[in-house]
>>> print(open('model17.txt').read())   # compact mmCIF, C-alpha atoms
# COMPACT_ATOMS: atom_id res chain seq x y z
CA ALA A 1396 85.86 141.90 72.31
CA HIS A 1397 86.67 139.03 74.66
CA THR A 1398 85.83 136.48 71.95
CA ILE A 1399 88.07 138.23 69.44
CA PHE A 1400 90.89 138.27 71.98
CA LYS A 1401 90.38 134.57 72.71
CA VAL A 1402 90.54 133.68 69.00
CA PHE A 1403 93.67 135.82 68.60
CA GLN A 1404 95.22 134.18 71.69
CA ILE A 1405 94.58 130.67 70.35
CA ALA A 1406 95.93 131.59 66.91
CA ILE A 1407 99.15 132.85 68.47
CA CYS A 1408 99.61 130.07 71.06
CA TYR A 1409 98.54 126.98 69.13
CA PRO A 1410 101.68 126.57 66.97
CA PHE A 1411 103.75 126.70 70.16
CA ALA A 1412 101.52 124.54 72.38
CA LYS A 1413 104.10 121.79 72.81
CA GLN A 1414 106.89 124.23 73.64
CA ILE A 1415 104.70 126.12 76.14
CA VAL A 1416 103.71 122.94 77.95
CA ASN A 1417 107.28 121.62 78.09
CA LEU A 1418 108.59 124.97 79.30
CA THR A 1419 106.17 124.87 82.21
CA TYR A 1420 107.86 121.81 83.69
CA LYS A 1421 111.30 123.41 83.40
CA LEU A 1422 110.17 126.57 85.16
CA VAL A 1423 108.37 124.90 88.08
CA PRO A 1424 111.00 124.08 90.72
CA GLY A 1425 110.96 120.90 92.78
CA ASP A 1426 113.07 119.34 95.52
CA ASP A 1427 115.89 116.88 94.87
CA THR A 1428 113.56 113.89 95.21
CA GLU A 1429 111.39 115.20 92.37
CA LYS A 1430 114.33 114.90 89.97
CA GLU A 1431 113.48 111.18 89.91
CA PHE A 1432 109.86 111.89 88.94
CA PHE A 1433 108.62 112.18 85.38
CA LEU A 1434 105.54 112.43 83.18
CA GLN A 1435 105.15 109.26 81.16
CA TYR A 1436 102.51 110.35 78.64
CA ILE A 1437 102.56 114.15 78.62
CA GLY A 1438 105.11 116.12 76.63
CA GLY A 1439 105.94 113.58 73.94
CA THR A 1440 107.10 114.37 70.42
CA THR A 1441 103.74 113.62 68.78
CA GLN A 1442 101.52 116.30 70.30
CA THR A 1443 98.59 117.56 68.26
CA SER A 1444 95.30 119.10 69.27
CA THR A 1445 93.71 115.63 69.14
CA THR A 1446 96.30 113.97 71.39
CA LEU A 1447 96.53 116.56 74.18
CA ILE A 1448 93.53 115.38 76.23
CA PRO A 1449 94.16 111.63 75.74
CA GLN A 1450 97.72 112.15 76.99
CA ALA A 1451 96.40 113.92 80.08
CA ILE A 1452 93.88 111.12 80.73
CA HIS A 1453 96.61 108.46 80.50
CA GLU A 1454 98.69 110.41 83.00
CA VAL A 1455 95.67 110.66 85.31
CA GLU A 1456 95.23 106.88 85.10
CA ARG A 1457 98.86 106.52 86.16
CA MET A 1458 98.31 108.93 89.07
CA ALA A 1459 95.21 106.97 90.11
CA GLU A 1460 97.09 103.68 90.20
CA MET A 1461 99.79 105.28 92.32
CA ALA A 1462 97.25 106.75 94.75
CA LYS A 1463 95.42 103.41 95.06
CA ASN A 1464 98.68 101.55 95.60
CA ASN A 1465 99.78 103.94 98.34
CA LEU A 1466 96.39 103.62 100.03
CA ASN A 1467 96.75 99.84 100.14
CA ILE A 1468 100.29 100.02 101.52
CA ALA A 1469 99.15 102.47 104.20
CA VAL A 1470 96.16 100.34 105.26
CA GLU A 1471 98.26 97.18 105.48
CA SER A 1472 100.90 99.09 107.45
CA LEU A 1473 98.23 100.14 109.91
CA ILE A 1474 96.37 96.90 110.46
CA GLU A 1475 99.66 95.00 110.86
CA VAL A 1476 101.33 97.92 112.71
CA ASP A 1477 104.27 97.60 110.31
CA LEU A 1478 106.36 100.73 109.68
CA THR A 1479 108.93 99.16 107.34
CA ARG A 1480 107.48 100.84 104.22
CA LYS A 1481 107.55 104.42 105.53
CA GLU A 1482 110.04 105.70 102.95
CA GLU A 1483 108.09 104.09 100.11
CA ILE A 1484 104.85 105.72 101.25
CA GLU A 1485 106.47 109.14 101.65
CA LYS A 1486 108.12 108.94 98.22
CA ASN A 1487 104.86 107.84 96.60
CA GLU A 1488 103.03 110.75 98.23
CA LYS A 1489 105.60 113.20 96.85
CA TYR A 1490 105.22 111.60 93.42
CA ILE A 1491 101.43 111.97 93.61
CA ASP A 1492 101.82 115.64 94.56
CA TYR A 1493 104.24 116.11 91.66
CA LEU A 1494 101.77 114.56 89.22
CA ASN A 1495 98.95 116.66 90.62
CA ARG A 1496 100.88 119.91 90.06
CA SER A 1497 102.29 118.89 86.69
CA ILE A 1498 98.99 117.65 85.25
CA PHE A 1499 97.24 120.77 86.61
CA ASP A 1500 99.75 123.04 84.84
CA TYR A 1501 99.45 121.00 81.65
CA ILE A 1502 95.63 121.19 81.62
CA ASN A 1503 95.79 124.88 82.39
CA HIS A 1504 98.00 125.49 79.36
CA ILE A 1505 96.20 123.27 76.85
CA ASN A 1506 93.00 125.05 77.83
CA GLN A 1507 94.41 127.90 75.72
CA VAL A 1508 94.57 125.64 72.66
CA ALA A 1509 91.76 125.01 70.15
CA LEU A 1510 90.70 121.49 71.12
CA PRO A 1511 88.13 119.19 69.48
CA ALA A 1512 84.70 119.88 70.98
CA GLU A 1513 84.45 116.57 72.86
CA ASP A 1514 87.97 116.90 74.24
CA ALA A 1515 87.31 120.45 75.43
CA LYS A 1516 84.47 119.09 77.61
CA MET A 1517 87.06 117.08 79.56
CA ILE A 1518 88.98 120.11 80.83
CA GLY A 1519 86.70 120.68 83.84
CA PRO A 1520 86.46 117.00 84.79
CA LEU A 1521 90.24 116.61 84.57
CA PHE A 1522 90.78 119.42 87.08
CA HIS A 1523 88.30 117.82 89.47
CA VAL A 1524 89.63 114.28 89.09
CA ILE A 1525 93.25 115.13 89.87
CA SER A 1526 92.00 116.97 92.96
CA ASP A 1527 90.09 113.88 94.11
CA LEU A 1528 93.12 111.67 93.47
CA GLU A 1529 95.33 114.03 95.44
CA ARG A 1530 92.87 113.78 98.33
CA ILE A 1531 93.02 109.96 98.15
CA GLY A 1532 96.79 110.30 98.44
CA ASP A 1533 96.31 112.51 101.50
CA HIS A 1534 94.08 109.87 103.11
CA ALA A 1535 96.84 107.29 102.58
CA THR A 1536 99.28 109.54 104.42
CA SER A 1537 96.81 110.13 107.26
CA ILE A 1538 96.22 106.39 107.59
CA TYR A 1539 99.95 105.76 107.79
CA ASN A 1540 100.18 108.40 110.51
CA ILE A 1541 97.65 106.35 112.48
CA ALA A 1542 99.95 103.34 112.01
CA GLU A 1543 102.79 105.29 113.60
CA THR A 1544 100.54 106.17 116.54
CA CYS A 1545 99.63 102.50 116.97
CA ALA A 1546 103.29 101.50 116.95
CA ARG A 1547 104.21 104.19 119.46
CA LYS A 1548 101.35 103.32 121.81
CA GLU A 1549 101.69 99.56 121.19
CA TYR A 1550 98.10 99.29 119.99
CA SER A 1551 96.94 96.46 117.74
CA PHE A 1552 93.80 95.34 115.95
CA THR A 1553 91.94 92.11 116.54
CA LYS A 1554 91.81 89.41 113.86
CA GLU A 1555 88.16 90.27 113.24
CA HIS A 1556 88.94 93.99 112.89
CA LYS A 1557 91.65 93.22 110.32
CA LYS A 1558 89.23 91.07 108.33
CA GLU A 1559 86.54 93.76 108.33
CA ILE A 1560 88.95 96.50 107.22
CA ARG A 1561 90.37 94.35 104.42
CA GLU A 1562 86.85 93.68 103.18
CA LEU A 1563 86.07 97.42 103.22
CA LEU A 1564 89.35 98.17 101.43
CA ALA A 1565 88.52 95.62 98.71
CA LEU A 1566 85.22 97.42 98.05
CA VAL A 1567 87.00 100.77 97.87
CA ASN A 1568 89.64 99.39 95.49
CA SER A 1569 86.93 98.09 93.18
CA GLU A 1570 85.12 101.42 93.14
CA ILE A 1571 88.33 103.32 92.36
CA GLU A 1572 89.08 100.96 89.46
CA TYR A 1573 85.57 101.18 88.01
CA SER A 1574 85.48 104.96 88.44
CA ILE A 1575 88.79 105.58 86.71
CA ASP A 1576 87.74 103.27 83.87
CA MET A 1577 84.44 105.15 83.54
CA PHE A 1578 86.25 108.50 83.48
CA ALA A 1579 89.05 107.46 81.13
CA HIS A 1580 86.73 105.88 78.57
CA LYS A 1581 83.90 108.38 79.06
CA SER A 1582 81.58 105.42 79.36
CA ILE A 1583 78.69 104.69 81.73
CA ASP A 1584 79.06 100.91 81.37
CA HIS A 1585 80.04 100.54 85.04
CA LEU A 1586 77.71 103.15 86.50
CA HIS A 1587 75.48 100.54 88.13
CA GLU A 1588 78.47 98.78 89.73
CA ILE A 1589 79.84 102.07 91.04
CA LEU A 1590 76.52 103.06 92.62
CA HIS A 1591 76.19 99.58 94.13
CA LEU A 1592 79.72 99.70 95.54
CA GLU A 1593 79.12 103.16 96.99
CA GLU A 1594 76.08 101.80 98.83
CA LEU A 1595 78.00 98.73 100.06
CA ILE A 1596 80.85 100.91 101.32
CA ASP A 1597 78.47 103.21 103.19
CA ARG A 1598 76.68 100.25 104.78
CA LYS A 1599 79.94 98.53 105.70
CA GLU A 1600 81.39 101.66 107.28
CA ASP A 1601 78.18 102.28 109.22
CA ARG A 1602 78.20 98.69 110.49
CA LEU A 1603 81.85 98.96 111.56
CA GLN A 1604 81.14 102.19 113.44
CA LYS A 1605 78.23 100.59 115.30
CA ALA A 1606 80.32 97.49 116.09
CA TYR A 1607 83.06 99.77 117.42
CA ILE A 1608 80.61 101.31 119.91
CA VAL A 1609 79.51 97.83 121.04
CA ASP A 1610 83.14 96.73 121.49
CA ILE A 1611 83.92 99.82 123.57
CA ARG A 1612 80.90 99.31 125.81
CA SER A 1613 81.71 95.64 126.32
CA LYS A 1614 85.37 96.54 126.87
CA ALA A 1615 86.35 94.10 124.13
CA THR A 1616 88.43 96.90 122.61
CA HIS A 1617 90.58 99.56 124.25
CA THR A 1618 88.93 102.98 123.83
CA ARG A 1619 91.86 104.55 122.01
CA GLU A 1620 92.35 101.52 119.73
CA GLY A 1621 88.64 101.64 118.93
CA MET A 1622 88.86 105.32 118.01
CA LEU A 1623 91.72 104.65 115.59
CA TYR A 1624 89.77 101.76 114.07
CA SER A 1625 86.79 104.09 113.67
CA ASP A 1626 89.00 106.75 112.05
CA LEU A 1627 90.36 104.20 109.58
CA ALA A 1628 86.89 103.03 108.55
CA ALA A 1629 85.74 106.65 108.10
CA SER A 1630 88.82 107.48 105.98
CA LEU A 1631 88.14 104.56 103.65
CA GLU A 1632 84.50 105.61 103.30
CA ARG A 1633 85.66 109.10 102.28
CA VAL A 1634 88.01 107.59 99.72
CA GLY A 1635 84.96 105.84 98.29
CA ASP A 1636 83.25 109.24 98.05
CA HIS A 1637 86.19 110.58 96.05
CA ALA A 1638 85.95 107.58 93.73
CA THR A 1639 82.26 108.35 93.16
CA ASN A 1640 83.16 111.97 92.38
CA ILE A 1641 85.64 110.77 89.75
CA ALA A 1642 83.02 108.63 88.02
CA PHE A 1643 80.35 111.32 88.10
CA SER A 1644 82.70 114.00 86.76
CA ILE A 1645 81.81 113.03 83.17
CA LEU A 1646 78.04 112.98 83.65
CA ASN A 1647 75.66 115.70 82.53
CA GLU A 1648 71.93 116.35 82.42
CA ASP A 1649 71.78 116.08 78.62
CA ASN A 1650 72.34 112.32 78.51
CA GLU A 1651 68.95 110.59 78.58
CA GLU A 1652 70.47 107.16 79.24
CA VAL A 1653 72.33 108.51 82.28
CA LEU A 1654 69.18 110.11 83.64
CA ARG A 1655 67.25 106.86 83.15
CA LEU A 1656 69.89 104.82 84.99
CA LEU A 1657 70.11 107.31 87.84
CA GLU A 1658 66.33 107.36 88.17
CA GLN A 1659 66.36 103.57 88.49
CA GLU A 1660 68.98 103.86 91.23
CA HIS A 1661 67.11 106.74 92.94
CA VAL A 1662 70.14 109.03 92.58
CA ASP A 1663 69.87 112.81 92.21
CA LEU A 1664 72.44 113.88 89.62
CA ALA A 1665 72.32 117.45 90.95
CA ASN A 1666 74.30 116.27 93.97
CA TYR A 1667 77.23 115.32 91.73
CA LEU A 1668 77.28 117.85 88.89
CA LEU A 1669 80.41 120.02 88.73
>>> encode(input="model17.txt", output="structure tokens")
Amino acid sequence: AHTIFKVFQIAICYPFAKQIVNLTYKLVPGDDTEKEFFLQYIGGTTQTSTTLIPQAIHEVERMAEMAKNNLNIAVESLIEVDLTRKEEIEKNEKYIDYLNRSIFDYINHINQVALPAEDAKMIGPLFHVISDLERIGDHATSIYNIAETCARKEYSFTKEHKKEIRELLALVNSEIEYSIDMFAHKSIDHLHEILHLEELIDRKEDRLQKAYIVDIRSKATHTREGMLYSDLAASLERVGDHATNIAFSILNEDNEEVLRLLEQEHVDLANYLL
């Protein structure tokens, strides 16, 4: 009975898929700032069952670039204790939240449409990826909040600390870029690089945490400044984890090549399956 209902539901909704999706955005209220926000790829005039998922993926790529950009602005604001880009960061965060909600609603509605088999497999990963990107946006906001604390308390980072954080950020940026490319193209071409970057990020963060303890004990760093430095390193490591989640969202146990590569890297796919 449920199958019959589902078929009937799709038959009724499919001719009106475009109108249903567009209506969603009109019905979901937003604040005045959100009037400036828009979906660049979703809701165009050429929507068919074969274009719905690609449009969502393009919008996710746009969201990812925005989240990565805001992360970089936040980190630079912190290590230089520069609060001049506060409004830009806050607006970007609102835009990321807007995209998260809008893409979520869009995916939720096209899930009622008869999609090509391969496209239908992307519904679950899309939900998970926008969640990970939203969390990266949250980390950017948290990092900027640390910058405000540093400015208020007149804390600052050493030249060496700035160098180490920038190196860690560069690794995280690379993993985000590879992961989004892997997700968007449903390709495992960069799987080795992603796993390698994840390992480098974990090692780098661990080394920074140990160095922080040494600095505190030798009184080379103020205790509170050291704690904020430690928090920043941990936040960037967690962003790397979200990037890994994005890449692994498209993997499954049925792909022999994936299993072979993961076995070579000593990675248990069960830890990443949705």
>>> residues_around(input="model17.txt", residues="Leu1521 in chain A", least_positions_apart="2", cutoff="9 Å", atoms="all atoms listed in the file", output="PDB file with C-alpha atoms, in the coordinates of the input")
ATOM      1  CA  ALA A1451      96.400 113.920  80.080  1.00  0.00           C
ATOM      2  CA  ILE A1452      93.880 111.120  80.730  1.00  0.00           C
ATOM      3  CA  VAL A1455      95.670 110.660  85.310  1.00  0.00           C
ATOM      4  CA  ILE A1498      98.990 117.650  85.250  1.00  0.00           C
ATOM      5  CA  PHE A1499      97.240 120.770  86.610  1.00  0.00           C
ATOM      6  CA  ILE A1502      95.630 121.190  81.620  1.00  0.00           C
ATOM      7  CA  MET A1517      87.060 117.080  79.560  1.00  0.00           C
ATOM      8  CA  ILE A1518      88.980 120.110  80.830  1.00  0.00           C
ATOM      9  CA  GLY A1519      86.700 120.680  83.840  1.00  0.00           C
ATOM     10  CA  HIS A1523      88.300 117.820  89.470  1.00  0.00           C
ATOM     11  CA  VAL A1524      89.630 114.280  89.090  1.00  0.00           C
ATOM     12  CA  ILE A1525      93.250 115.130  89.870  1.00  0.00           C
ATOM     13  CA  SER A1526      92.000 116.970  92.960  1.00  0.00           C
ATOM     14  CA  SER A1644      82.700 114.000  86.760  1.00  0.00           C
TER      15      SER A1644
END
>>> residues_around(input="model17.txt", residues="Ile1611 in chain A", least_positions_apart="5", cutoff="12 Å", atoms="all atoms listed in the file", output="list in words")
Gln1604, Lys1605, Ala1606, Thr1616, His1617, Thr1618, Arg1619, Glu1620, Gly1621, Met1622, Tyr1624 and Ser1625 of chain A
>>> closest_atom_pairs(input="model17.txt", of="range 1442-1492 of chain A", to="range 1564-1569 of chain A", cutoff="10 Å", atoms="only C-alpha atoms", output="Markdown table")
| residue | atom | partner | partner_atom | distance |
| --- | --- | --- | --- | --- |
| A:Lys1463 | CA | A:Asn1568 | CA | 7.1 |
| A:Asn1464 | CA | A:Asn1568 | CA | 9.3 |
| A:Leu1466 | CA | A:Leu1564 | CA | 9.0 |
| A:Asn1467 | CA | A:Leu1564 | CA | 7.7 |
| A:Val1470 | CA | A:Leu1564 | CA | 8.1 |
| A:Glu1471 | CA | A:Leu1564 | CA | 9.8 |
>>> atom_distance(input="model17.txt", atom1="CA of Ile1437 in chain A", atom2="CA of Glu1454 in chain A")
6.9 Å
>>> closest_residue(input="model17.txt", among="A:Tyr1490, A:Tyr1607, A:Phe1432, A:Phe1552", to="Glu1460 in chain A", atoms="all atoms listed in the file")
A:Tyr1490
>>> residues_around(input="model17.txt", residues="His1580 in chain A", least_positions_apart="2", cutoff="12 Å", atoms="all atoms listed in the file", output="PDB file with C-alpha atoms, in the coordinates of the input")
ATOM      1  CA  ILE A1448      93.530 115.380  76.230  1.00  0.00           C
ATOM      2  CA  PRO A1449      94.160 111.630  75.740  1.00  0.00           C
ATOM      3  CA  ILE A1452      93.880 111.120  80.730  1.00  0.00           C
ATOM      4  CA  HIS A1453      96.610 108.460  80.500  1.00  0.00           C
ATOM      5  CA  GLU A1456      95.230 106.880  85.100  1.00  0.00           C
ATOM      6  CA  ASP A1514      87.970 116.900  74.240  1.00  0.00           C
ATOM      7  CA  MET A1517      87.060 117.080  79.560  1.00  0.00           C
ATOM      8  CA  TYR A1573      85.570 101.180  88.010  1.00  0.00           C
ATOM      9  CA  SER A1574      85.480 104.960  88.440  1.00  0.00           C
ATOM     10  CA  ILE A1575      88.790 105.580  86.710  1.00  0.00           C
ATOM     11  CA  ASP A1576      87.740 103.270  83.870  1.00  0.00           C
ATOM     12  CA  MET A1577      84.440 105.150  83.540  1.00  0.00           C
ATOM     13  CA  PHE A1578      86.250 108.500  83.480  1.00  0.00           C
ATOM     14  CA  SER A1582      81.580 105.420  79.360  1.00  0.00           C
ATOM     15  CA  ILE A1583      78.690 104.690  81.730  1.00  0.00           C
ATOM     16  CA  ASP A1584      79.060 100.910  81.370  1.00  0.00           C
ATOM     17  CA  HIS A1585      80.040 100.540  85.040  1.00  0.00           C
ATOM     18  CA  ALA A1642      83.020 108.630  88.020  1.00  0.00           C
ATOM     19  CA  ILE A1645      81.810 113.030  83.170  1.00  0.00           C
TER      20      ILE A1645
END
>>> residues_near_point(input="model17.txt", point="(78.6, 94.1, 96.7)", cutoff="12 Å", atoms="only C-alpha atoms", output="JSON, numbers by chain")
{"A": [1562, 1563, 1565, 1566, 1567, 1569, 1570, 1587, 1588, 1589, 1590, 1591, 1592, 1593, 1594, 1595, 1596, 1597, 1598, 1599]}
>>> write_last_selection(input="model17.txt", atoms="C-alpha atoms", output="PDB file, in the frame of the given file")
ATOM      1  CA  GLU A1562      86.850  93.680 103.180  1.00  0.00           C
ATOM      2  CA  LEU A1563      86.070  97.420 103.220  1.00  0.00           C
ATOM      3  CA  ALA A1565      88.520  95.620  98.710  1.00  0.00           C
ATOM      4  CA  LEU A1566      85.220  97.420  98.050  1.00  0.00           C
ATOM      5  CA  VAL A1567      87.000 100.770  97.870  1.00  0.00           C
ATOM      6  CA  SER A1569      86.930  98.090  93.180  1.00  0.00           C
ATOM      7  CA  GLU A1570      85.120 101.420  93.140  1.00  0.00           C
ATOM      8  CA  HIS A1587      75.480 100.540  88.130  1.00  0.00           C
ATOM      9  CA  GLU A1588      78.470  98.780  89.730  1.00  0.00           C
ATOM     10  CA  ILE A1589      79.840 102.070  91.040  1.00  0.00           C
ATOM     11  CA  LEU A1590      76.520 103.060  92.620  1.00  0.00           C
ATOM     12  CA  HIS A1591      76.190  99.580  94.130  1.00  0.00           C
ATOM     13  CA  LEU A1592      79.720  99.700  95.540  1.00  0.00           C
ATOM     14  CA  GLU A1593      79.120 103.160  96.990  1.00  0.00           C
ATOM     15  CA  GLU A1594      76.080 101.800  98.830  1.00  0.00           C
ATOM     16  CA  LEU A1595      78.000  98.730 100.060  1.00  0.00           C
ATOM     17  CA  ILE A1596      80.850 100.910 101.320  1.00  0.00           C
ATOM     18  CA  ASP A1597      78.470 103.210 103.190  1.00  0.00           C
ATOM     19  CA  ARG A1598      76.680 100.250 104.780  1.00  0.00           C
ATOM     20  CA  LYS A1599      79.940  98.530 105.700  1.00  0.00           C
TER      21      LYS A1599
END
>>> atom_distance(input="model17.txt", atom1="CA of Leu1627 in chain A", atom2="CA of Asn1465 in chain A")
14.7 Å
>>> residues_near_point(input="model17.txt", point="(99.4, 104.9, 105.3)", cutoff="8 Å", atoms="only C-alpha atoms", output="list in words")
Asn1465, Leu1466, Asn1467, Ile1468, Ala1469, Val1470, Glu1471, Ser1472, Leu1473, Ile1484, His1534, Ala1535, Thr1536, Ser1537, Ile1538, Tyr1539, Asn1540, Ile1541 and Ala1542 of chain A
>>> atom_distance(input="model17.txt", atom1="CA of Val1476 in chain A", atom2="CA of Arg1633 in chain A")
21.9 Å
>>> closest_residue(input="model17.txt", among="A:Thr1479, A:Asn1506, A:Thr1445, A:Ser1630", to="Asp1533 in chain A", atoms="only C-alpha atoms")
A:Ser1630
>>> residues_around(input="model17.txt", residues="His1637 in chain A", least_positions_apart="5", cutoff="8 Å", atoms="only C-alpha atoms", output="list in words")
Asp1527, Leu1528, Arg1530 and Ile1531 of chain A
